[in-house]
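Novice: This is the structure I want to talk about, given as structure tokens.
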Amino acid sequence: MAADAGKVDPMKQFLVEPLFGSETWEIAGYGIAFTNSAAWMAITVVLLWAFVFGGMKRELVPGRWQMAVETFTGFIDDMLEANIGKEGRKYLPYIFSLFMFILFANLLGLMPVGIIPGVHAFTFTSHFTVTGVLAVLSFSIVLIVGFWKHGFKFFSLFVPHGTPIWLMWLIPVIELISFMVRPFSLALRLFVAMMAGHVLLKVLSSFVIDSINGGAVFGALIGIPSLTLMVAISALEILVAGIQAYVFALLTSLYINDAEHLH
Amino acid sequence: MEPEAAKLIGAGLAAVGAGLAATGVGNVFGSFLESALRNPGAADGQQGRLFIGFAAAELLGLLAFVVAMILIFVV
């Protein structure tokens, strides 16, 4: 499936390449060159830090900026209160960072920075390694909190209340599988949702470019509807960026609730 | 059948899963809206569950996408 010359390759946007340093920089066989993925993570963190820092003036009458930041913290706080209860407060820093990091990463990947020559937007949440690490982070918190608080009683998570005794051979197995699959589903959902949207946009953009190259008739018949669709899909992608960040944070808080309260 | 052709047919069949997931996601939001209009007071409290249902339905569609991608690029 190699792309022909002059065609838009929808997969090229996901290429991780060293920005400076080269592929020969390595420690114990692992490349340590500063990649575009790392650069966009750094940009995300700097912007996130600036956004939150700008709203931490703690004025009695909040300005617009402080209001914006407090809306986000209040939103996550309410979510934790609703899903975990009063113990949820102590997870606020983690869930808030997680939500904002994913949200900023998703939105930054959609920014039209490609109009500056030589700059390419890179959505690092469209990589399974990145979302996988985030999911493993959430999953380890669940495991650590669960075993810390309940010890081996944590395993009662796999036996829901009211399980009939004659189903004891089946239910714990199903519960165990659904528990172990959580980090994968968490990581997979974010990664595929981001990747699918970006591939779709690039495929549509190739329709636009190829149809315009094909002449005025094709350009009008295919190019213009495709471009309209691209604009609509871009709007949908902004929605998806928010929803996926929210779903990641929401599911993490639900899993932590399991660890805090068992069933 | 040539293996390459079988791969592409398989990837196309996996796209059926994406359509079915669309039905599922539509069902989640449709049912929510239907009952939210009957009882708007209770709607806001159920938004968390709405998104859990959405996430579960969507994941299965995304899995279909993964299957298609694996068939095209990996196998």
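Residue numbering restarts at 1 for every chain of the structure tokens, chains are lettered A, B, ... in their displayed order, and ligands are numbered from 1 as they appear.
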Which residues of chain A sit at most 7 Å from chain B, using only C-alpha atoms? Give each one's shortest atom pair and distance in Å (one decimal place), in chain and ascending residue order, as a Markdown table.
Specialist:
```
| residue | atom | partner | partner_atom | distance |
| --- | --- | --- | --- | --- |
| A:Arg189 | CA | B:Leu59 | CA | 5.8 |
| A:Val192 | CA | B:Leu62 | CA | 6.2 |
| A:Ala193 | CA | B:Leu62 | CA | 7.0 |
| A:Val247 | CA | B:Phe51 | CA | 6.7 |
```
Novice: Pull N, CA and C atoms from the residues just selected and write them as a tab-separated table (two decimals), in the first residue's frame.
Specialist:
```tsv
chain	number	residue	atom	x	y	z
A	189	ARG	N	-9.47	3.10	22.60
A	189	ARG	CA	-10.56	4.00	22.23
A	189	ARG	C	-10.00	5.36	21.82
A	192	VAL	N	-7.64	5.03	18.54
A	192	VAL	CA	-8.32	4.78	17.26
A	192	VAL	C	-9.24	5.94	16.90
A	193	ALA	N	-9.91	6.52	17.90
A	193	ALA	CA	-10.80	7.64	17.57
A	193	ALA	C	-10.01	8.79	16.96
A	247	VAL	N	-14.36	11.05	28.09
A	247	VAL	CA	-14.61	9.63	28.32
A	247	VAL	C	-13.42	8.98	29.03
```
Novice: Skipping near chain neighbours, those fewer than 2 positions away, what residues fall within 9 Å of B:Val25 using only C-alpha atoms, listed as a list in words?
Specialist: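 Neighbouring residues, sequence-local ones excluded: Leu20, Ala21, Ala22, Thr23, Asn27, Val28, Phe29, Gly30, Gly53, Phe54, Ala55, Ala56, Ala57 and Glu58 of chain B.
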Novice: With distances taken over only C-alpha atoms, which residue among A:Leu137, A:Val16, A:Leu229, A:Leu98 lies nearest A:Thr73?
Specialist: A:Leu98
Novice: Determine which residues of stretch 7-144 of chain A DSSP labels as strand (DSSP E or B) from the backbone of this structure, then write them out as a list in words.
Specialist: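 Here are the strand (DSSP E or B) residues of stretch 7-144 of chain A: Pro18, Leu19, Phe20, Glu26, Ile27, Tyr30, Gly31, Phe34 and Thr35 of chain A.
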Novice: Keeping N, CA and C atoms, export the residues of the selection given above as a compact mmCIF listing (two decimals), in the first residue's frame.
Specialist:
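File again.txt, as written:
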```
# COMPACT_ATOMS: atom_id res chain seq x y z
N PRO A 18 12.84 12.02 14.10
CA PRO A 18 13.65 12.88 14.96
C PRO A 18 13.68 14.31 14.43
N LEU A 19 13.47 15.28 15.31
CA LEU A 19 13.57 16.68 14.89
C LEU A 19 15.02 17.14 14.91
N PHE A 20 15.68 16.94 16.05
CA PHE A 20 17.12 17.10 16.04
C PHE A 20 17.72 15.92 16.79
N GLU A 26 21.37 6.69 20.75
CA GLU A 26 20.61 5.68 21.46
C GLU A 26 21.28 5.27 22.75
N ILE A 27 20.46 4.83 23.69
CA ILE A 27 20.95 4.28 24.94
C ILE A 27 20.42 2.87 25.03
N TYR A 30 17.74 1.87 22.60
CA TYR A 30 16.55 2.69 22.45
C TYR A 30 16.92 4.08 21.94
N GLY A 31 16.24 4.52 20.88
CA GLY A 31 16.53 5.84 20.34
C GLY A 31 16.14 6.92 21.33
N PHE A 34 15.24 13.61 19.90
CA PHE A 34 14.06 14.43 20.21
C PHE A 34 13.12 14.40 19.01
N THR A 35 12.00 13.70 19.14
CA THR A 35 11.12 13.49 17.98
C THR A 35 10.04 14.55 17.92
```
Novice: Would you mind listing what lies within 12 Å of A:Ala82 as a list in words, with only C-alpha atoms counted and same-chain residues fewer than 6 positions away left out?
Specialist: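 Neighbouring residues, sequence-local ones excluded: Phe75, Ile76, Gly88, Arg89, Leu250, Ser253, Leu254 and Asn257 of chain A; Asp44, Gly45, Gln46, Gln47, Gly48 and Arg49 of chain B.
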Novice: Atom CA of A:Phe99 and atom CA of A:Phe147, how far apart in Å?
Specialist: 24.9 Å
